[in-house]
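Below: one structure, written as structure tokens.
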Amino acid sequence: MTVTLRLGYIPLVDAAPLIVAREFGFAKEEGVSFDLVRASGWSMLRDLLDFGQVDAAHMLSVMPVARALGLGGGSQALEALMVLSLNGQIFGLSPQIPAVPFGDPYAAARALADLPGPLRIGVPFPFSMQAELLAYWLERAASSAKVDIRTVPPSRMAETMQAGEIDGFCVGEPWGSHAVEQAGARLVLPGSAIWSQAPEKVLAVRAGWASENPAVAGKVMRALWRAARWIEMPGNRGTLAEVLSRPAYLDVPAELVDRTLSHRLLISALGPEMHVPQFQSFHHGVANFPWRSQAAWIGERLAKRFAMDANLAASKARAVFRSDIYRDHISEMGEVLPRASDRAEGALEREEAMPATHGSLILARNRFFDGQIFDPVFAEG
């Protein structure tokens, strides 16, 4: 018997695994049906999950960790069962701001420091990878730039910039490119230039749901894993761009979506178009594995911002990313899984093979712009 599940999402390119699983039959083949519920903002999506109006959600990776640390509102503990996407964020500025060099974190930070501040920067949610990457970048680049972070729903970045309410943004695609076309914004820095393996979206559920419903949880995870693999197969990009661009989903021109999927960014209305390596990943390099070290990094960053004990925050954060549940349900797909659930984040200058549960697997380049290596063993004390 087919089980129908309600999955919440925000209209972003990185909601693709949910949409593909529904549209191309991966959910059906696993014996589940996805009723996709589109939310207008992250607070709304958070509440839908909290009150059981959706069973699972496409969610900012920072939100479940923040919840574990008592931040961000809401009362239900959350768990991340898998990573749905890495990166895909873009930092851009209003055309009223003098031109800032593209793609160089240090040059861009110096240019921002020379601007009169504070710069009003829109992010989709206070507890988001966008906010964390911005803070990390400006801190580690030793920039004296002053920023005033404001919460703006992703699809309203262009509108808010046109109204003169923000000077810039850090947002997931296609809404950065949409702001270029609609508001004349100039793109400055992709999130992958700050951390090339930043977990952007996760599959979030209420704590305990996956353990109480293991068969159903496995079906959902396998359907999304298969969808993510399909997304990165050569030849599927054009079809995917057309589906995502439909009014029922993102409701933007297919060309905006296609550029994102091919890692091409139009820097301003007049160009140039730039290719950005590792701009966004859905499956390559074990992208879907919920590394506990990713969660620990998020926990440590939040602890720094909110004056908490870093070791305790990292420990609580690690428990949120359920690599154990991922192993239980994805190993039967023939996926080669890492032996450990932690790794040294930022330690890979290029793709590299590592020992796996059977044989070896290829990990993607994993670098912070400043060369820092985050060692979760050290972080735990």
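Ligands are numbered from 1 in the order shown, chains are lettered A, B, ... in the order of the structure tokens, and residues start at 1 in each chain.
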Practice item. Find the spatial neighbours of region 227-235 of chain A, counting only C-alpha atoms, within a cut-off of 7 Å - ignore same-chain residues fewer than 6 positions away - and output them as a list in words. Key: Pro17, Val20, Ala21, Phe26, Phe282 and His283 of chain A
Can you write just those residues out, N, CA, C and O atoms, as a PDB file, in the first residue's frame?
ATOM      1  N   PRO A  17      15.634  17.737  -5.053  1.00  0.00           N
ATOM      2  CA  PRO A  17      15.439  16.311  -4.739  1.00  0.00           C
ATOM      3  C   PRO A  17      13.986  15.954  -4.420  1.00  0.00           C
ATOM      4  O   PRO A  17      13.491  14.900  -4.830  1.00  0.00           O
ATOM      5  N   VAL A  20      12.001  16.246  -7.833  1.00  0.00           N
ATOM      6  CA  VAL A  20      12.364  15.163  -8.753  1.00  0.00           C
ATOM      7  C   VAL A  20      11.811  13.835  -8.267  1.00  0.00           C
ATOM      8  O   VAL A  20      11.291  13.029  -9.059  1.00  0.00           O
ATOM      9  N   ALA A  21      11.893  13.568  -6.961  1.00  0.00           N
ATOM     10  CA  ALA A  21      11.379  12.306  -6.427  1.00  0.00           C
ATOM     11  C   ALA A  21       9.898  12.156  -6.709  1.00  0.00           C
ATOM     12  O   ALA A  21       9.410  11.055  -6.993  1.00  0.00           O
ATOM     13  N   PHE A  26      10.487   8.410  -8.399  1.00  0.00           N
ATOM     14  CA  PHE A  26      11.346   7.750  -7.415  1.00  0.00           C
ATOM     15  C   PHE A  26      10.599   7.472  -6.114  1.00  0.00           C
ATOM     16  O   PHE A  26      10.810   6.438  -5.472  1.00  0.00           O
ATOM     17  N   PHE A 282      24.503  18.140  -5.310  1.00  0.00           N
ATOM     18  CA  PHE A 282      23.364  17.382  -4.812  1.00  0.00           C
ATOM     19  C   PHE A 282      23.726  15.939  -4.454  1.00  0.00           C
ATOM     20  O   PHE A 282      23.037  15.322  -3.652  1.00  0.00           O
ATOM     21  N   HIS A 283      24.791  15.400  -5.057  1.00  0.00           N
ATOM     22  CA  HIS A 283      25.082  13.980  -4.837  1.00  0.00           C
ATOM     23  C   HIS A 283      26.577  13.654  -4.913  1.00  0.00           C
ATOM     24  O   HIS A 283      27.051  12.796  -4.183  1.00  0.00           O
TER      25      HIS A 283
END
Using only C-alpha atoms, determine which residues lie at most 10 Å from Glu255 (chain A), disregarding the query and same-chain residues fewer than 5 positions distant; provide the list as a tab-separated table (two decimals) with C-alpha atoms, in the first residue's frame.
chain	number	residue	atom	x	y	z
A	174	PRO	CA	17.63	31.26	-8.26
A	238	GLY	CA	17.60	20.76	-19.29
A	241	ALA	CA	15.42	23.20	-15.29
A	242	GLU	CA	12.11	23.07	-17.14
A	245	SER	CA	10.81	26.58	-13.34
A	260	THR	CA	22.49	27.49	-11.53
A	261	LEU	CA	22.52	23.78	-12.38
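Comparing A:Glu173, A:Asp104, A:Asp55, A:Asp148 by their smallest distance to Pro126 (chain A), the closest is A:Asp148 (using only C-alpha atoms).
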Review point. Which of region 181-248 of chain A counts as strand (DSSP E or B) under DSSP, as a VMD selection string please?
Key: chain A and resid 186 to 190 195 199 to 206
Could you write out that same residue set with N, CA, C and O atoms as a short mmCIF file (atom, residue, chain, number, x, y, z; two decimals), in the first residue's frame?
data_model
loop_
_atom_site.label_atom_id
_atom_site.label_comp_id
_atom_site.auth_asym_id
_atom_site.auth_seq_id
_atom_site.Cartn_x
_atom_site.Cartn_y
_atom_site.Cartn_z
N ARG A 186 24.54 43.15 -8.37
CA ARG A 186 25.82 42.59 -8.84
C ARG A 186 26.24 41.49 -7.87
O ARG A 186 26.27 41.71 -6.66
N LEU A 187 26.56 40.34 -8.42
CA LEU A 187 26.99 39.22 -7.59
C LEU A 187 28.46 39.38 -7.23
O LEU A 187 29.26 39.85 -8.05
N VAL A 188 28.81 39.00 -6.01
CA VAL A 188 30.15 39.26 -5.48
C VAL A 188 30.89 37.97 -5.11
O VAL A 188 32.06 37.79 -5.48
N LEU A 189 30.22 37.08 -4.38
CA LEU A 189 30.95 35.93 -3.84
C LEU A 189 30.01 34.74 -3.65
O LEU A 189 28.99 34.86 -2.96
N PRO A 190 30.33 33.59 -4.27
CA PRO A 190 29.54 32.39 -3.99
C PRO A 190 29.91 31.81 -2.64
O PRO A 190 31.06 31.93 -2.18
N TRP A 195 33.43 28.27 1.95
CA TRP A 195 33.61 26.86 2.35
C TRP A 195 33.05 26.01 1.23
O TRP A 195 31.86 26.08 0.93
N PRO A 199 27.16 22.35 4.15
CA PRO A 199 25.84 21.73 4.02
C PRO A 199 24.77 22.82 4.01
O PRO A 199 24.65 23.57 4.98
N GLU A 200 24.02 22.89 2.95
CA GLU A 200 23.05 23.98 2.80
C GLU A 200 21.65 23.55 3.26
O GLU A 200 21.04 24.19 4.10
N LYS A 201 21.13 22.46 2.69
CA LYS A 201 19.79 22.00 3.08
C LYS A 201 19.87 20.55 3.55
O LYS A 201 20.70 19.76 3.05
N VAL A 202 19.00 20.23 4.50
CA VAL A 202 18.90 18.87 5.03
C VAL A 202 17.45 18.43 4.99
O VAL A 202 16.53 19.25 4.85
N LEU A 203 17.25 17.12 5.11
CA LEU A 203 15.91 16.59 5.31
C LEU A 203 15.69 16.55 6.81
O LEU A 203 16.33 15.77 7.53
N ALA A 204 14.80 17.40 7.31
CA ALA A 204 14.57 17.52 8.75
C ALA A 204 13.25 16.87 9.14
O ALA A 204 12.25 16.96 8.41
N VAL A 205 13.26 16.22 10.28
CA VAL A 205 12.06 15.61 10.84
C VAL A 205 12.03 15.90 12.34
O VAL A 205 13.04 16.27 12.93
N ARG A 206 10.86 15.72 12.94
CA ARG A 206 10.78 15.84 14.40
C ARG A 206 11.56 14.69 15.03
O ARG A 206 11.52 13.55 14.54
#
Neighbours of Gly346 (chain A) within 9 Å (only C-alpha atoms; same-chain residues fewer than 5 positions away dropped), as a PDB file with N, CA, C and O atoms, in the first residue's frame?
ATOM      1  N   TRP A 195      33.428  28.266   1.953  1.00  0.00           N
ATOM      2  CA  TRP A 195      33.607  26.859   2.350  1.00  0.00           C
ATOM      3  C   TRP A 195      33.046  26.007   1.229  1.00  0.00           C
ATOM      4  O   TRP A 195      31.856  26.078   0.933  1.00  0.00           O
ATOM      5  N   SER A 196      33.884  25.213   0.615  1.00  0.00           N
ATOM      6  CA  SER A 196      33.475  24.487  -0.589  1.00  0.00           C
ATOM      7  C   SER A 196      32.540  23.315  -0.301  1.00  0.00           C
ATOM      8  O   SER A 196      31.968  22.743  -1.230  1.00  0.00           O
ATOM      9  N   GLN A 197      32.353  22.942   0.975  1.00  0.00           N
ATOM     10  CA  GLN A 197      31.507  21.799   1.322  1.00  0.00           C
ATOM     11  C   GLN A 197      30.490  22.159   2.407  1.00  0.00           C
ATOM     12  O   GLN A 197      30.154  21.332   3.258  1.00  0.00           O
ATOM     13  N   ARG A 365      36.699  18.079  -3.086  1.00  0.00           N
ATOM     14  CA  ARG A 365      37.532  19.122  -2.492  1.00  0.00           C
ATOM     15  C   ARG A 365      36.771  19.767  -1.336  1.00  0.00           C
ATOM     16  O   ARG A 365      35.594  20.114  -1.450  1.00  0.00           O
ATOM     17  N   ASN A 366      37.470  19.949  -0.212  1.00  0.00           N
ATOM     18  CA  ASN A 366      36.844  20.479   1.004  1.00  0.00           C
ATOM     19  C   ASN A 366      37.791  21.497   1.605  1.00  0.00           C
ATOM     20  O   ASN A 366      38.738  21.147   2.310  1.00  0.00           O
ATOM     21  N   ARG A 367      37.544  22.789   1.304  1.00  0.00           N
ATOM     22  CA  ARG A 367      38.451  23.848   1.755  1.00  0.00           C
ATOM     23  C   ARG A 367      37.681  25.056   2.263  1.00  0.00           C
ATOM     24  O   ARG A 367      36.657  25.446   1.724  1.00  0.00           O
ATOM     25  N   PHE A 368      38.196  25.646   3.342  1.00  0.00           N
ATOM     26  CA  PHE A 368      37.790  26.973   3.766  1.00  0.00           C
ATOM     27  C   PHE A 368      38.702  27.978   3.067  1.00  0.00           C
ATOM     28  O   PHE A 368      39.881  27.683   2.816  1.00  0.00           O
ATOM     29  N   PHE A 369      38.185  29.157   2.788  1.00  0.00           N
ATOM     30  CA  PHE A 369      38.959  30.132   2.005  1.00  0.00           C
ATOM     31  C   PHE A 369      40.260  30.527   2.687  1.00  0.00           C
ATOM     32  O   PHE A 369      41.250  30.871   2.031  1.00  0.00           O
ATOM     33  N   GLY A 371      42.099  28.547   4.619  1.00  0.00           N
ATOM     34  CA  GLY A 371      42.967  27.405   4.886  1.00  0.00           C
ATOM     35  C   GLY A 371      42.770  26.756   6.234  1.00  0.00           C
ATOM     36  O   GLY A 371      43.504  25.827   6.595  1.00  0.00           O
ATOM     37  N   GLN A 372      41.783  27.194   7.005  1.00  0.00           N
ATOM     38  CA  GLN A 372      41.548  26.596   8.322  1.00  0.00           C
ATOM     39  C   GLN A 372      41.096  25.143   8.167  1.00  0.00           C
ATOM     40  O   GLN A 372      40.411  24.789   7.206  1.00  0.00           O
ATOM     41  N   ILE A 373      41.488  24.318   9.120  1.00  0.00           N
ATOM     42  CA  ILE A 373      40.995  22.939   9.192  1.00  0.00           C
ATOM     43  C   ILE A 373      40.237  22.791  10.505  1.00  0.00           C
ATOM     44  O   ILE A 373      40.768  23.087  11.581  1.00  0.00           O
ATOM     45  N   PHE A 374      38.984  22.375  10.406  1.00  0.00           N
ATOM     46  CA  PHE A 374      38.163  22.156  11.582  1.00  0.00           C
ATOM     47  C   PHE A 374      38.225  20.681  11.928  1.00  0.00           C
ATOM     48  O   PHE A 374      37.701  19.821  11.222  1.00  0.00           O
ATOM     49  N   ASP A 375      38.890  20.369  13.029  1.00  0.00           N
ATOM     50  CA  ASP A 375      39.073  19.003  13.487  1.00  0.00           C
ATOM     51  C   ASP A 375      38.046  18.725  14.578  1.00  0.00           C
ATOM     52  O   ASP A 375      38.134  19.263  15.673  1.00  0.00           O
TER      53      ASP A 375
END
Point to revise | Contacts of region 320-324 of chain A at 6 Å (only C-alpha atoms; same-chain gap of 3+ positions) as an MDAnalysis selection string | key: chainID A and resid 79:81 290 292 317 327
Point to revise | Given only C-alpha atoms as the counted atoms, nearest of A:Glu349, A:Glu335, A:Asp167, A:Glu181 to Val123 (chain A) | key: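 Smallest distance to Val123 (chain A) is found for A:Asp167.
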Counting only C-alpha atoms, what are the residues of region 165-185 of chain A within 6 Å of region 82-103 of chain A, and for each of them which pair of atoms is the nearest and at what distance in Å, to one decimal? Sort the table by chain and rising number, as a tab-separated table.
residue	atom	partner	partner_atom	distance
A:Asp167	CA	A:Ser94	CA	5.2
A:Gly168	CA	A:Leu93	CA	4.0
A:Phe169	CA	A:Gly92	CA	5.4
A:Cys170	CA	A:Phe91	CA	4.2
A:Val171	CA	A:Gln89	CA	5.2
A:Gly172	CA	A:Gln89	CA	4.3
A:Gly184	CA	A:Pro95	CA	5.9
A:Ala185	CA	A:Ser94	CA	4.8
Point to revise | Of the listed residues A:Leu361, A:Glu351, A:Val257, A:Glu29, that which approaches Asp14 (chain A) most closely, counting only C-alpha atoms | key: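 The closest residue to Asp14 (chain A) is A:Val257.
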Exercise for review: Please identify all polymer residues within 8 Å of Ala356 (chain A), counting only C-alpha atoms, omitting same-chain residues fewer than 3 positions from it, and present them as a PyMOL selection string.
Suggested key: chain A and resi 336-339+359-361
If you count only C-alpha atoms, which residues fall within 9 Å of Leu363 (chain A), apart from same-chain ones fewer than 4 positions away, as a compact mmCIF listing (two decimals) with all heavy atoms, in the first residue's frame?
# COMPACT_ATOMS: atom_id res chain seq x y z
N HIS A 284 27.30 14.32 -5.79
CA HIS A 284 28.71 14.01 -6.02
C HIS A 284 29.53 14.12 -4.74
O HIS A 284 29.32 15.00 -3.91
CB HIS A 284 29.29 14.96 -7.08
CG HIS A 284 30.75 14.79 -7.30
ND1 HIS A 284 31.28 13.71 -7.95
CD2 HIS A 284 31.81 15.56 -6.93
CE1 HIS A 284 32.59 13.82 -8.00
NE2 HIS A 284 32.94 14.93 -7.37
N GLY A 285 30.49 13.21 -4.59
CA GLY A 285 31.41 13.28 -3.45
C GLY A 285 30.76 13.00 -2.11
O GLY A 285 31.11 13.61 -1.10
N VAL A 286 29.81 12.09 -2.08
CA VAL A 286 29.09 11.71 -0.85
C VAL A 286 28.38 12.92 -0.26
O VAL A 286 28.30 13.09 0.96
CB VAL A 286 30.03 11.07 0.20
CG1 VAL A 286 29.27 10.18 1.16
CG2 VAL A 286 31.14 10.26 -0.45
N ALA A 287 27.81 13.76 -1.13
CA ALA A 287 27.18 15.00 -0.68
C ALA A 287 26.01 14.76 0.26
O ALA A 287 25.71 15.61 1.12
CB ALA A 287 26.71 15.81 -1.90
N LEU A 348 40.87 18.94 2.51
CA LEU A 348 41.14 18.41 1.18
C LEU A 348 41.30 19.52 0.15
O LEU A 348 40.34 20.24 -0.15
CB LEU A 348 40.02 17.45 0.74
CG LEU A 348 39.87 16.14 1.53
CD1 LEU A 348 38.79 15.29 0.89
CD2 LEU A 348 41.19 15.38 1.58
N ARG A 350 41.97 18.93 -2.96
CA ARG A 350 41.43 18.41 -4.23
C ARG A 350 40.66 17.13 -3.93
O ARG A 350 40.69 16.64 -2.79
CB ARG A 350 42.56 18.13 -5.23
CG ARG A 350 43.59 17.12 -4.73
CD ARG A 350 44.79 17.04 -5.63
NE ARG A 350 45.49 18.30 -5.66
CZ ARG A 350 46.38 18.68 -4.75
NH1 ARG A 350 46.65 17.89 -3.71
NH2 ARG A 350 46.99 19.84 -4.83
N GLU A 351 39.98 16.60 -4.94
CA GLU A 351 39.30 15.31 -4.76
C GLU A 351 40.30 14.26 -4.30
O GLU A 351 41.45 14.24 -4.74
CB GLU A 351 38.66 14.85 -6.07
CG GLU A 351 37.36 15.56 -6.39
CD GLU A 351 36.60 14.85 -7.50
OE1 GLU A 351 37.15 13.92 -8.11
OE2 GLU A 351 35.44 15.23 -7.74
N GLU A 352 39.84 13.38 -3.41
CA GLU A 352 40.77 12.40 -2.86
C GLU A 352 40.02 11.13 -2.47
O GLU A 352 38.87 11.18 -1.99
CB GLU A 352 41.46 13.00 -1.63
CG GLU A 352 42.65 12.22 -1.14
CD GLU A 352 43.43 13.00 -0.09
OE1 GLU A 352 43.83 14.15 -0.38
OE2 GLU A 352 43.63 12.45 1.00
N ALA A 353 40.66 9.98 -2.69
CA ALA A 353 40.07 8.70 -2.30
C ALA A 353 40.33 8.46 -0.81
O ALA A 353 41.36 8.84 -0.27
CB ALA A 353 40.66 7.56 -3.12
N MET A 354 39.35 7.83 -0.16
CA MET A 354 39.52 7.48 1.25
C MET A 354 38.91 6.10 1.48
O MET A 354 38.02 5.67 0.75
CB MET A 354 38.87 8.51 2.16
CG MET A 354 37.36 8.51 2.15
SD MET A 354 36.64 9.55 3.46
CE MET A 354 37.03 8.59 4.92
Practice item. Write down as JSON, numbers by chain the residues of region 120-365 of chain A whose backbone DSSP state falls under alpha helix (DSSP H). Key: {"A": [129, 130, 131, 132, 133, 134, 135, 136, 137, 138, 139, 140, 157, 158, 159, 160, 161, 162, 175, 176, 177, 178, 179, 180, 181, 182, 183, 209, 210, 211, 212, 214, 215, 216, 217, 218, 219, 220, 221, 222, 223, 224, 225, 226, 227, 228, 229, 230, 231, 237, 238, 239, 240, 241, 242, 243, 244, 254, 255, 256, 257, 258, 259, 260, 261, 292, 293, 294, 295, 296, 297, 298, 299, 300, 301, 302, 303, 304, 305, 310, 311, 312, 313, 314, 315, 316, 317, 318, 319, 320, 323, 324, 325, 326, 327, 328, 329, 330]}
Which residues, written as a compact mmCIF listing (two decimals) with N, CA and C atoms, in the first residue's frame, have at least one atom at most 9 Å from Tyr106 (chain A), with only C-alpha atoms counted and residues fewer than 5 positions away on the same chain left out?
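Written file, out23.txt:
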# COMPACT_ATOMS: atom_id res chain seq x y z
N ALA A 111 37.18 45.56 -0.01
CA ALA A 111 36.31 46.54 -0.68
C ALA A 111 35.12 46.90 0.20
N TRP A 137 33.31 34.56 7.02
CA TRP A 137 34.10 35.24 6.00
C TRP A 137 34.63 36.59 6.50
N LEU A 138 33.75 37.43 7.01
CA LEU A 138 34.19 38.76 7.42
C LEU A 138 35.11 38.69 8.64
N ALA A 141 38.54 37.07 7.35
CA ALA A 141 39.25 37.96 6.44
C ALA A 141 39.70 39.23 7.13
N ALA A 142 39.44 39.31 8.44
CA ALA A 142 39.82 40.46 9.26
C ALA A 142 39.26 41.75 8.68
N SER A 143 38.03 41.68 8.20
CA SER A 143 37.40 42.86 7.60
C SER A 143 36.78 43.73 8.69
N PHE A 369 38.19 29.16 2.79
CA PHE A 369 38.96 30.13 2.01
C PHE A 369 40.26 30.53 2.69
Practice item. Report the distance between CA of Pro247 (chain A) and CA of Ile19 (chain A) in Å, rounded to one decimal place. Key: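 Taking CA of Pro247 (chain A) as the start and CA of Ile19 (chain A) as the end point, the length is 12.8 Å.
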**Study point:** Interatomic distance, CA of Ala364 (chain A) to CA of Phe127 (chain A) (Å, one decimal)
**Key:**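 These atoms are spaced 25.8 Å apart.
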Check your understanding: What is the CA of Ser144 (chain A) to CA of Phe125 (chain A) distance in Å?
Key -> 23.3 Å
Exercise for review: Find, counting only C-alpha atoms, the residue in A:Gly218, A:Gly41, A:Pro11, A:Pro376 that gets nearest to Ala27 (chain A).
Suggested key: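 Between A:Gly218, A:Gly41, A:Pro11, A:Pro376, the residue approaching Ala27 (chain A) most closely is A:Gly218.
The nearest approach to Asn213 (chain A) among the residues A:Ile325, A:Ala347, A:Ile166, A:Gly74, with only C-alpha atoms taken into account, belongs to A:Ile325.
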